[in-house]
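Trainee: What follows is structure-v6.csv, CSV, C-alpha atoms.
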chain,number,residue,atom,x,y,z
A,93,MET,CA,-6.0,-15.6,-16.6
A,94,ASP,CA,-8.5,-14.1,-14.2
A,95,PRO,CA,-8.5,-13.7,-10.4
A,96,THR,CA,-11.6,-15.8,-10.2
A,97,GLY,CA,-11.3,-17.7,-13.4
A,98,SER,CA,-9.3,-20.6,-11.9
A,99,PRO,CA,-11.1,-23.4,-10.1
A,100,GLN,CA,-12.6,-22.0,-6.8
A,101,MET,CA,-10.2,-22.6,-3.9
A,102,ARG,CA,-11.7,-22.0,-0.5
A,103,ILE,CA,-9.5,-21.2,2.5
A,104,SER,CA,-10.6,-21.1,6.1
A,105,PRO,CA,-11.0,-17.6,7.6
A,106,TYR,CA,-8.5,-18.6,10.3
A,107,ARG,CA,-5.8,-19.4,7.8
A,108,VAL,CA,-6.6,-16.1,5.9
A,109,PHE,CA,-6.3,-14.3,9.2
A,110,LEU,CA,-2.9,-15.9,9.9
A,111,ILE,CA,-1.4,-15.2,6.5
A,112,PHE,CA,-2.5,-11.5,6.5
A,113,SER,CA,-1.2,-11.2,10.0
A,114,GLN,CA,2.2,-12.4,8.8
A,115,ILE,CA,2.1,-10.0,5.8
A,116,SER,CA,1.3,-7.1,8.0
A,117,LEU,CA,3.8,-7.8,10.8
A,118,SER,CA,6.7,-8.3,8.4
A,119,GLY,CA,5.5,-5.3,6.4
A,120,PHE,CA,8.2,-2.8,7.1
A,121,GLY,CA,8.8,-0.5,4.2
A,122,GLY,CA,5.5,-1.0,2.4
A,123,ALA,CA,3.1,-4.0,2.4
A,124,MET,CA,3.2,-4.7,-1.4
A,125,PHE,CA,6.5,-6.6,-1.4
A,126,TRP,CA,5.5,-8.8,1.6
A,127,ALA,CA,2.0,-9.4,0.2
A,128,ARG,CA,3.5,-10.7,-3.1
A,129,ARG,CA,6.1,-12.8,-1.3
A,130,ARG,CA,3.4,-14.5,0.8
A,131,LEU,CA,0.5,-14.8,-1.6
A,132,VAL,CA,2.4,-15.6,-4.8
A,133,GLU,CA,5.7,-17.2,-3.7
A,134,ARG,CA,5.0,-19.0,-0.4
A,135,GLU,CA,1.3,-19.9,-0.4
A,136,HIS,CA,0.6,-20.0,-4.2
A,137,TRP,CA,-2.8,-18.6,-3.7
A,138,LEU,CA,-2.3,-16.2,-6.6
A,139,THR,CA,-0.1,-16.1,-9.8
A,140,ASP,CA,1.9,-13.0,-10.6
A,141,ARG,CA,-0.7,-12.0,-13.1
A,142,GLU,CA,-3.6,-12.4,-10.6
A,143,PHE,CA,-1.6,-10.4,-8.0
A,144,VAL,CA,-1.1,-7.5,-10.4
A,145,GLU,CA,-4.7,-7.6,-11.4
A,146,PHE,CA,-5.9,-7.4,-7.8
A,147,LEU,CA,-3.4,-4.6,-7.3
A,148,THR,CA,-4.9,-2.8,-10.3
A,149,LEU,CA,-8.4,-3.1,-8.9
A,150,GLY,CA,-7.1,-2.0,-5.5
A,151,GLN,CA,-5.7,1.2,-7.0
A,152,LEU,CA,-8.9,2.0,-8.8
A,153,LEU,CA,-11.0,1.9,-5.6
A,154,PRO,CA,-10.9,4.6,-2.9
A,155,GLY,CA,-8.8,3.8,0.2
A,156,PRO,CA,-5.3,2.5,0.6
A,157,PRO,CA,-4.5,0.1,-2.3
A,158,GLY,CA,-2.9,-2.5,0.1
A,159,LEU,CA,-6.1,-2.6,2.2
A,160,ASN,CA,-8.3,-3.0,-0.9
A,161,LEU,CA,-6.1,-5.9,-2.0
A,162,THR,CA,-6.5,-7.4,1.4
A,163,VAL,CA,-10.3,-7.2,1.2
A,164,LEU,CA,-10.4,-8.5,-2.4
A,165,VAL,CA,-8.1,-11.5,-1.7
A,166,GLY,CA,-9.9,-12.3,1.6
A,167,TYR,CA,-13.3,-12.2,-0.1
A,168,ARG,CA,-12.0,-14.3,-3.0
A,169,PHE,CA,-10.9,-17.2,-0.8
A,170,GLY,CA,-13.2,-17.0,2.1
A,171,GLY,CA,-16.3,-14.9,1.3
A,172,TRP,CA,-17.5,-12.3,3.7
A,173,ALA,CA,-15.8,-14.1,6.7
A,174,GLY,CA,-12.6,-14.3,4.7
A,175,ALA,CA,-12.6,-10.6,4.0
A,176,VAL,CA,-13.2,-9.7,7.6
A,177,ALA,CA,-10.5,-12.1,8.7
A,178,ALA,CA,-8.0,-10.7,6.2
A,179,VAL,CA,-8.7,-7.1,7.4
A,180,ALA,CA,-8.5,-8.2,11.1
A,181,GLY,CA,-5.0,-9.7,10.4
A,182,PHE,CA,-3.8,-6.9,8.2
A,183,VAL,CA,-4.9,-4.0,10.4
A,184,GLY,CA,-5.4,-5.5,13.9
A,185,TRP,CA,-1.8,-6.0,15.0
A,186,PRO,CA,-0.4,-2.8,13.5
A,187,PHE,CA,-3.3,-0.9,15.2
A,188,LEU,CA,-2.2,-2.2,18.6
A,189,ILE,CA,1.5,-1.4,17.7
A,190,ALA,CA,0.5,2.1,16.7
A,191,ILE,CA,-1.2,2.6,20.1
A,192,GLY,CA,1.9,1.3,21.8
A,193,MET,CA,4.0,3.8,19.9
A,194,GLY,CA,1.5,6.5,20.8
A,195,VAL,CA,2.0,5.7,24.5
A,196,LEU,CA,5.8,5.8,24.1
A,197,TYR,CA,5.5,9.1,22.2
A,198,GLN,CA,3.5,10.7,25.0
A,199,TYR,CA,6.1,9.8,27.6
A,200,TYR,CA,9.4,10.2,25.7
A,201,GLY,CA,8.5,12.2,22.6
A,202,THR,CA,10.3,11.2,19.4
A,203,LEU,CA,14.0,10.3,19.3
A,204,PRO,CA,16.2,11.5,16.4
A,205,ILE,CA,17.4,7.9,16.2
A,206,VAL,CA,14.0,6.8,14.9
A,207,GLN,CA,14.3,9.3,12.0
A,208,ARG,CA,17.8,8.0,11.2
A,209,ALA,CA,16.8,4.3,11.4
A,210,LEU,CA,13.8,5.1,9.1
A,211,THR,CA,16.1,6.8,6.6
A,212,GLY,CA,18.2,3.6,6.5
A,213,MET,CA,15.2,1.3,6.2
A,214,SER,CA,13.8,3.3,3.3
A,215,VAL,CA,17.0,2.7,1.4
A,216,VAL,CA,16.2,-1.0,1.6
A,217,ALA,CA,12.5,-0.5,1.1
A,218,ALA,CA,13.2,1.3,-2.2
A,219,GLY,CA,15.1,-1.9,-3.3
A,220,LEU,CA,12.2,-4.1,-2.2
A,221,ILE,CA,9.7,-2.2,-4.4
A,222,PHE,CA,12.0,-2.3,-7.4
A,223,ALA,CA,12.5,-6.0,-7.0
A,224,THR,CA,8.7,-6.5,-6.9
A,225,PHE,CA,8.5,-4.5,-10.1
A,226,ALA,CA,11.3,-6.7,-11.7
A,227,LYS,CA,9.3,-9.8,-10.8
A,228,VAL,CA,5.9,-8.8,-12.0
A,229,VAL,CA,7.1,-7.1,-15.2
A,230,ARG,CA,7.3,-10.6,-16.6
A,231,VAL,CA,3.5,-10.8,-16.8
A,232,LEU,CA,3.4,-7.9,-19.3
A,233,PRO,CA,2.2,-9.4,-22.7
A,234,ARG,CA,5.0,-9.3,-25.3
A,235,ARG,CA,3.0,-6.9,-27.6
A,236,TRP,CA,3.7,-3.3,-28.3
A,237,GLN,CA,0.5,-1.8,-26.9
A,238,PRO,CA,0.7,-3.0,-23.3
A,239,ILE,CA,4.4,-2.3,-23.3
A,240,LEU,CA,3.8,1.2,-24.6
A,241,PHE,CA,1.2,2.0,-21.8
A,242,ALA,CA,3.6,0.7,-19.1
A,243,VAL,CA,6.4,2.9,-20.5
A,244,LEU,CA,4.2,6.0,-20.8
A,245,ALA,CA,2.9,5.6,-17.3
A,246,PHE,CA,6.5,5.3,-16.1
A,247,ILE,CA,7.7,8.3,-18.0
A,248,GLY,CA,4.8,10.5,-17.0
A,249,VAL,CA,5.0,9.8,-13.3
A,250,GLY,CA,8.6,8.7,-12.8
A,251,VAL,CA,10.5,11.0,-15.2
A,252,LEU,CA,8.4,14.0,-15.9
A,253,ARG,CA,6.9,13.9,-12.4
A,254,TRP,CA,3.4,14.8,-13.5
A,255,PRO,CA,0.6,14.3,-11.0
A,256,LEU,CA,-0.6,10.7,-10.8
A,257,VAL,CA,-4.2,11.6,-11.3
A,258,TRP,CA,-3.5,13.4,-14.6
A,259,VAL,CA,-1.3,10.5,-16.0
A,260,ILE,CA,-3.9,7.9,-15.1
A,261,GLY,CA,-6.7,10.1,-16.3
A,262,ALA,CA,-5.0,10.5,-19.7
A,263,LEU,CA,-3.8,6.9,-20.1
A,264,ALA,CA,-6.6,4.8,-18.6
A,265,PRO,CA,-9.2,5.7,-21.2
A,266,LEU,CA,-6.8,5.0,-24.1
A,267,ALA,CA,-5.7,1.7,-22.5
A,268,LEU,CA,-9.3,0.6,-21.9
A,269,PHE,CA,-10.2,1.5,-25.5
A,270,ALA,CA,-7.2,-0.5,-26.8
A,271,ALA,CA,-8.1,-3.5,-24.7
A,272,TRP,CA,-11.7,-3.2,-25.8
A,273,LYS,CA,-10.7,-3.1,-29.5
A,274,GLU,CA,-8.5,-6.1,-28.9
A,275,SER,CA,-11.3,-8.2,-27.3
A,276,ALA,CA,-13.9,-7.2,-29.9
B,93,MET,CA,-10.7,18.2,21.9
B,94,ASP,CA,-14.3,18.0,23.0
B,95,ARG,CA,-16.8,15.6,21.7
B,96,GLY,CA,-18.0,17.9,18.9
B,97,ASP,CA,-14.4,18.2,17.6
B,98,ILE,CA,-13.9,14.4,17.6
B,99,ILE,CA,-17.2,13.9,15.7
B,100,ALA,CA,-16.3,16.6,13.2
B,101,LEU,CA,-12.8,15.1,12.7
B,102,PHE,CA,-14.3,11.6,12.2
B,103,LEU,CA,-16.8,12.8,9.6
B,104,HIS,CA,-14.1,14.8,7.8
B,105,SER,CA,-11.8,11.8,7.6
B,106,LEU,CA,-14.6,9.6,6.5
B,107,ALA,CA,-15.3,11.9,3.6
B,108,LEU,CA,-11.6,12.2,2.7
B,109,TRP,CA,-11.2,8.4,2.5
B,110,PHE,CA,-14.3,8.1,0.3
B,111,VAL,CA,-12.5,10.1,-2.3
B,112,SER,CA,-9.0,9.0,-1.7
B,113,VAL,CA,-8.3,7.1,-4.9
B,114,GLY,CA,-4.5,6.5,-5.2
B,115,GLY,CA,-3.7,5.8,-1.6
B,116,PRO,CA,-3.0,7.4,1.7
B,117,SER,CA,-0.3,9.7,0.5
B,118,THR,CA,-2.7,11.7,-1.6
B,119,ILE,CA,-4.7,12.8,1.4
B,120,LEU,CA,-1.8,13.5,3.7
B,121,PRO,CA,-1.7,17.2,2.7
B,122,GLU,CA,-5.4,17.5,3.5
B,123,PHE,CA,-4.9,15.9,7.0
B,124,HIS,CA,-2.1,18.4,7.6
B,125,ARG,CA,-4.3,21.3,6.6
B,126,TYR,CA,-7.2,20.2,8.8
B,127,LEU,CA,-5.3,19.2,11.9
B,128,VAL,CA,-2.4,21.7,11.9
B,129,GLU,CA,-3.4,24.8,9.9
B,130,ALA,CA,-7.1,25.1,10.2
B,131,ASN,CA,-7.7,23.8,13.8
B,132,GLN,CA,-4.4,23.7,15.5
B,133,PHE,CA,-5.2,20.3,17.0
B,134,LEU,CA,-1.5,19.3,16.4
B,135,SER,CA,1.6,21.4,16.1
B,136,ASN,CA,3.6,21.1,12.8
B,137,SER,CA,6.4,19.2,14.5
B,138,GLN,CA,3.9,16.8,16.3
B,139,PHE,CA,2.3,16.1,12.9
B,140,THR,CA,5.7,15.3,11.3
B,141,GLU,CA,6.9,13.2,14.3
B,142,LEU,CA,3.8,11.1,14.5
B,143,TYR,CA,3.9,10.5,10.8
B,144,THR,CA,7.5,9.4,11.0
B,145,LEU,CA,6.8,7.2,14.0
B,146,ALA,CA,4.0,5.4,12.1
B,147,GLN,CA,6.2,4.8,9.1
B,148,ALA,CA,8.8,3.1,11.3
B,149,ALA,CA,6.2,0.6,12.6
B,150,PRO,CA,5.3,-2.6,10.7
B,151,GLY,CA,2.0,-2.7,8.8
B,152,PRO,CA,0.2,-0.6,6.3
B,153,ASN,CA,1.3,3.1,5.9
B,154,PHE,CA,-2.1,4.6,6.5
B,155,LEU,CA,-1.9,3.9,10.2
B,156,TYR,CA,-0.5,7.4,10.8
B,157,VAL,CA,-4.1,8.4,11.2
B,158,THR,CA,-4.6,5.9,14.0
B,159,LEU,CA,-1.6,7.3,15.8
B,160,MET,CA,-2.8,10.8,15.4
B,161,GLY,CA,-6.2,9.8,16.6
B,162,TRP,CA,-4.6,8.3,19.7
B,163,GLN,CA,-2.7,11.5,20.4
B,164,LEU,CA,-5.8,13.6,20.1
B,165,ALA,CA,-8.4,11.5,21.9
B,166,GLY,CA,-7.0,8.2,23.2
B,167,TRP,CA,-8.8,5.0,22.3
B,168,THR,CA,-11.8,6.8,20.9
B,169,GLY,CA,-9.7,8.8,18.6
B,170,ALA,CA,-7.6,5.8,17.4
B,171,GLY,CA,-10.7,3.7,16.9
B,172,LEU,CA,-12.6,6.4,15.0
B,173,MET,CA,-9.8,7.4,12.8
B,174,THR,CA,-9.2,3.7,11.8
B,175,ILE,CA,-12.9,3.1,11.3
B,176,ALA,CA,-12.9,6.1,8.9
B,177,VAL,CA,-10.4,4.2,6.7
B,178,LEU,CA,-12.1,0.8,6.9
B,179,VAL,CA,-15.7,1.8,6.1
B,180,PRO,CA,-15.2,3.3,2.6
B,181,THR,CA,-12.4,0.9,1.7
B,182,MET,CA,-14.4,-2.2,2.6
B,183,THR,CA,-17.6,-1.0,1.2
B,184,PHE,CA,-16.2,-0.4,-2.3
B,185,SER,CA,-13.9,-3.4,-2.5
B,186,LEU,CA,-16.6,-5.8,-1.2
B,187,ILE,CA,-19.0,-4.6,-3.8
B,188,LEU,CA,-16.3,-5.0,-6.5
B,189,GLY,CA,-15.2,-8.4,-5.2
B,190,HIS,CA,-18.8,-9.6,-5.1
B,191,MET,CA,-19.4,-8.4,-8.7
B,192,ASN,CA,-16.2,-10.0,-9.8
B,193,GLN,CA,-17.1,-13.3,-8.2
B,194,ARG,CA,-20.5,-13.5,-9.8
B,195,ARG,CA,-19.2,-12.7,-13.3
B,196,PRO,CA,-15.6,-13.7,-13.2
B,197,ASN,CA,-15.1,-13.5,-17.0
B,198,GLY,CA,-17.5,-10.6,-17.6
B,199,THR,CA,-16.4,-8.5,-20.5
B,200,ILE,CA,-16.1,-5.2,-18.6
B,201,GLY,CA,-14.0,-6.7,-15.8
B,202,THR,CA,-11.7,-8.4,-18.2
B,203,ILE,CA,-11.2,-5.3,-20.3
B,204,VAL,CA,-10.5,-3.2,-17.2
B,205,LYS,CA,-8.0,-5.7,-15.8
B,206,ARG,CA,-6.3,-6.3,-19.2
B,207,GLY,CA,-6.2,-2.7,-20.1
B,208,LEU,CA,-5.0,-1.2,-16.8
B,209,THR,CA,-2.5,-3.8,-15.7
B,210,PRO,CA,0.3,-2.4,-17.9
B,211,ILE,CA,-0.3,1.0,-16.3
B,212,THR,CA,0.0,-0.5,-12.8
B,213,ILE,CA,3.3,-2.1,-13.7
B,214,GLY,CA,4.6,1.2,-15.2
B,215,LEU,CA,3.5,3.1,-12.0
B,216,MET,CA,5.3,0.5,-9.8
B,217,CYS,CA,8.5,1.1,-11.7
B,218,ALA,CA,8.0,4.9,-11.4
B,219,SER,CA,7.4,4.8,-7.6
B,220,SER,CA,10.5,2.6,-7.0
B,221,THR,CA,12.8,4.9,-9.0
B,222,ILE,CA,11.3,8.0,-7.4
B,223,LEU,CA,11.9,6.5,-4.0
B,224,ILE,CA,15.4,5.3,-4.9
B,225,ARG,CA,16.4,8.9,-6.0
B,226,ALA,CA,14.7,10.5,-3.0
B,227,VAL,CA,16.3,8.4,-0.2
B,228,ASN,CA,19.7,7.6,-1.6
B,229,HIS,CA,22.1,10.4,-0.9
B,230,ASN,CA,25.5,8.7,-1.3
B,231,TRP,CA,27.2,5.7,-2.9
B,232,ARG,CA,26.7,3.5,0.1
B,233,ALA,CA,23.0,4.0,0.0
B,234,TYR,CA,22.9,3.1,-3.7
B,235,LEU,CA,25.0,0.1,-3.0
B,236,LEU,CA,22.6,-1.0,-0.2
B,237,THR,CA,19.6,-0.6,-2.6
B,238,LEU,CA,21.4,-2.6,-5.2
B,239,VAL,CA,22.3,-5.4,-2.8
B,240,THR,CA,18.6,-5.5,-1.7
B,241,VAL,CA,17.4,-5.9,-5.3
B,242,THR,CA,20.0,-8.6,-6.1
B,243,PHE,CA,19.3,-10.4,-2.8
B,244,VAL,CA,15.6,-10.5,-3.5
B,245,LEU,CA,15.9,-11.6,-7.1
B,246,ARG,CA,18.6,-14.2,-6.6
B,247,THR,CA,17.9,-15.8,-3.2
B,248,PRO,CA,14.8,-17.2,-1.6
B,249,TRP,CA,15.8,-15.8,1.8
B,250,ASN,CA,13.7,-13.4,3.9
B,251,PRO,CA,15.0,-9.8,3.5
B,252,LEU,CA,13.8,-8.7,6.9
B,253,TRP,CA,17.4,-8.7,8.2
B,254,LEU,CA,18.3,-6.4,5.3
B,255,LEU,CA,15.8,-3.9,6.7
B,256,ALA,CA,17.6,-4.3,10.1
B,257,VAL,CA,21.0,-3.7,8.4
B,258,GLY,CA,19.4,-0.6,6.7
B,259,ALA,CA,18.1,0.7,10.1
B,260,LEU,CA,21.6,0.2,11.6
B,261,ALA,CA,23.3,1.9,8.7
B,262,GLY,CA,20.9,4.8,9.2
B,263,VAL,CA,21.6,5.1,12.9
B,264,LEU,CA,25.3,5.0,12.3
B,265,GLY,CA,24.9,7.7,9.7
B,266,LEU,CA,26.3,5.6,6.8
B,267,VAL,CA,23.4,6.1,4.4
Show how you would write the structure in this file as structure tokens.

Mentor:
Amino acid sequence: MDPTGSPQMRISPYRVFLIFSQISLSGFGGAMFWARRRLVEREHWLTDREFVEFLTLGQLLPGPPGLNLTVLVGYRFGGWAGAVAAVAGFVGWPFLIAIGMGVLYQYYGTLPIVQRALTGMSVVAAGLIFATFAKVVRVLPRRWQPILFAVLAFIGVGVLRWPLVWVIGALAPLALFAAWKESA
Amino acid sequence: MDRGDIIALFLHSLALWFVSVGGPSTILPEFHRYLVEANQFLSNSQFTELYTLAQAAPGPNFLYVTLMGWQLAGWTGAGLMTIAVLVPTMTFSLILGHMNQRRPNGTIGTIVKRGLTPITIGLMCASSTILIRAVNHNWRAYLLTLVTVTFVLRTPWNPLWLLAVGALAGVLGLV
């Protein structure tokens, strides 16, 4: 039901570090797909519902949502040490890779081939994000209200292409009000 | 860049990340304005090239700031630009994580999660369809996206090699 509602499972910071290193190093084309694959399907640390809830919290906070998810999950399973370990794994390796690329860039500049390879990879990455959506959409409750909010968010941003901030600003208060009425 | 420029850039990034709800793409235009237009620290093509290079690497998308910091001021620049992301992000999510831990089934937390989860799911669908339309320019690209979705939903195998196929198809000019 709730990210912290299930019996408290503790995981060693070293293991948290390893798992987030793997997520980050395989994370071509967006970390979300790889985070779900590891945390939900491989390690069973989270259910799909918990994953989406963490992602929701991660989007509400300032900063990159993937990094927020990393801190929240690390803290949930390993406290302060877990949060630091998760961030070290998630950011540490790519940081070093970015510097390596910076060195190459200073000597060789960028090659058109990088741009072309990236175009091809984003074709696959688009599929990975859609597949992640197709998997987590199953946690949506089979009631008209949650389904309506999901559809409106999709139409506002995906079809009408309105700015994200407006769509969330308009829908979030209504969605919160509906959830509050339901729980009251 | 002298020391004053680096410190000003660090403080500016720090302030940006503190208000960057919605992810790294929302503040990309502001970084462009600051680094290219206002201060000419980077040329327009350098900015684009470094951004592209960072996207081609594994790991989170926000590391374009690390790469730009490296270009501008070596290890100091890379370190400071990364710290500017980590400080606000970790501060807020640790506070929230801590509150959530203490009152896991608190009313407000439950309402927020239950109420906003459908919106997250709707936005996920929106961003994937926007991306699919933005990057797919011919039938071969659509086919590759479709194969990826089918592959992920129907098999337990690692789709890393599909990304390699995608990169190769891009290099060969097929997609």

Trainee: Calculate how many Å separate atom CA of B:Gly96 from atom CA of B:Ala130, rounding to one decimal.

Mentor: 15.7 Å

Trainee: Between B:Val241, B:Leu159, B:Ala233, B:Ile200, which has the minimum distance to A:Gly212 (counting all atoms listed in the file)?

Mentor: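 Among the listed residues, the smallest separation from A:Gly212 belongs to B:Ala233.
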
Trainee: Per residue of chain A within 6 Å of chain B, note the shortest atom pair and the distance in Å to one decimal, counting only C-alpha atoms, and order the rows by chain and increasing residue number, as a Markdown table.

Mentor:
| residue | atom | partner | partner_atom | distance |
| --- | --- | --- | --- | --- |
| A:Thr96 | CA | B:Pro196 | CA | 5.4 |
| A:Gly97 | CA | B:Pro196 | CA | 5.9 |
| A:Ser116 | CA | B:Gly151 | CA | 4.5 |
| A:Leu117 | CA | B:Pro150 | CA | 5.4 |
| A:Gly119 | CA | B:Gly151 | CA | 5.0 |
| A:Phe120 | CA | B:Pro150 | CA | 4.6 |
| A:Ala123 | CA | B:Pro152 | CA | 5.9 |
| A:Glu145 | CA | B:Lys205 | CA | 5.8 |
| A:Thr148 | CA | B:Thr212 | CA | 6.0 |
| A:Gln151 | CA | B:Gly114 | CA | 5.7 |
| A:Leu153 | CA | B:Val113 | CA | 5.9 |
| A:Pro154 | CA | B:Val113 | CA | 4.1 |
| A:Gly155 | CA | B:Thr181 | CA | 4.9 |
| A:Pro156 | CA | B:Gly115 | CA | 4.3 |
| A:Pro157 | CA | B:Gly115 | CA | 5.8 |
| A:Asn160 | CA | B:Ser185 | CA | 5.8 |
| A:Leu164 | CA | B:Gly189 | CA | 5.6 |
| A:Pro186 | CA | B:Gly151 | CA | 5.3 |
| A:Ala190 | CA | B:Leu159 | CA | 5.7 |
| A:Gly194 | CA | B:Leu159 | CA | 5.9 |
| A:Arg208 | CA | B:Gly262 | CA | 4.9 |
| A:Ala209 | CA | B:Ala259 | CA | 4.0 |
| A:Leu210 | CA | B:Ala148 | CA | 5.8 |
| A:Thr211 | CA | B:Gly262 | CA | 5.8 |
| A:Gly212 | CA | B:Gly262 | CA | 4.0 |
| A:Met213 | CA | B:Gly258 | CA | 4.6 |
| A:Val215 | CA | B:Thr237 | CA | 5.8 |
| A:Val216 | CA | B:Thr237 | CA | 5.4 |
| A:Ala218 | CA | B:Ile224 | CA | 5.3 |
| A:Gly219 | CA | B:Thr237 | CA | 4.7 |
| A:Ile221 | CA | B:Ser220 | CA | 5.5 |
| A:Phe222 | CA | B:Ser220 | CA | 5.1 |
| A:Ala223 | CA | B:Val241 | CA | 5.2 |
| A:Phe225 | CA | B:Cys217 | CA | 5.8 |
| A:Pro238 | CA | B:Pro210 | CA | 5.4 |
| A:Phe241 | CA | B:Ile211 | CA | 5.8 |
| A:Ala242 | CA | B:Gly214 | CA | 4.1 |
| A:Val243 | CA | B:Gly214 | CA | 5.8 |
| A:Ala245 | CA | B:Gly214 | CA | 5.2 |
| A:Phe246 | CA | B:Gly214 | CA | 4.6 |
| A:Gly250 | CA | B:Ala218 | CA | 4.1 |
| A:Ala267 | CA | B:Gly207 | CA | 5.0 |
| A:Leu268 | CA | B:Gly207 | CA | 4.9 |
| A:Ala271 | CA | B:Gly207 | CA | 5.0 |
| A:Trp272 | CA | B:Ile203 | CA | 5.9 |

Trainee: A:Ala175: which residues within 8 Å, counting only C-alpha atoms, same-chain residues fewer than 6 positions away excluded, as a ChimeraX atom specification?

Mentor: /A:162-168

Trainee: For atom CA of B:Leu127 and atom CA of B:His104, determine how far apart the two atoms are, in Å to one decimal place.

Mentor: 10.7 Å

Trainee: Kindly give the distance, in Å, that separates atom CA of A:Ser118 and atom CA of A:Arg134, rounded to a single decimal.

Mentor: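 Taking atom CA of A:Ser118 and atom CA of A:Arg134, their separation equals 14.0 Å.
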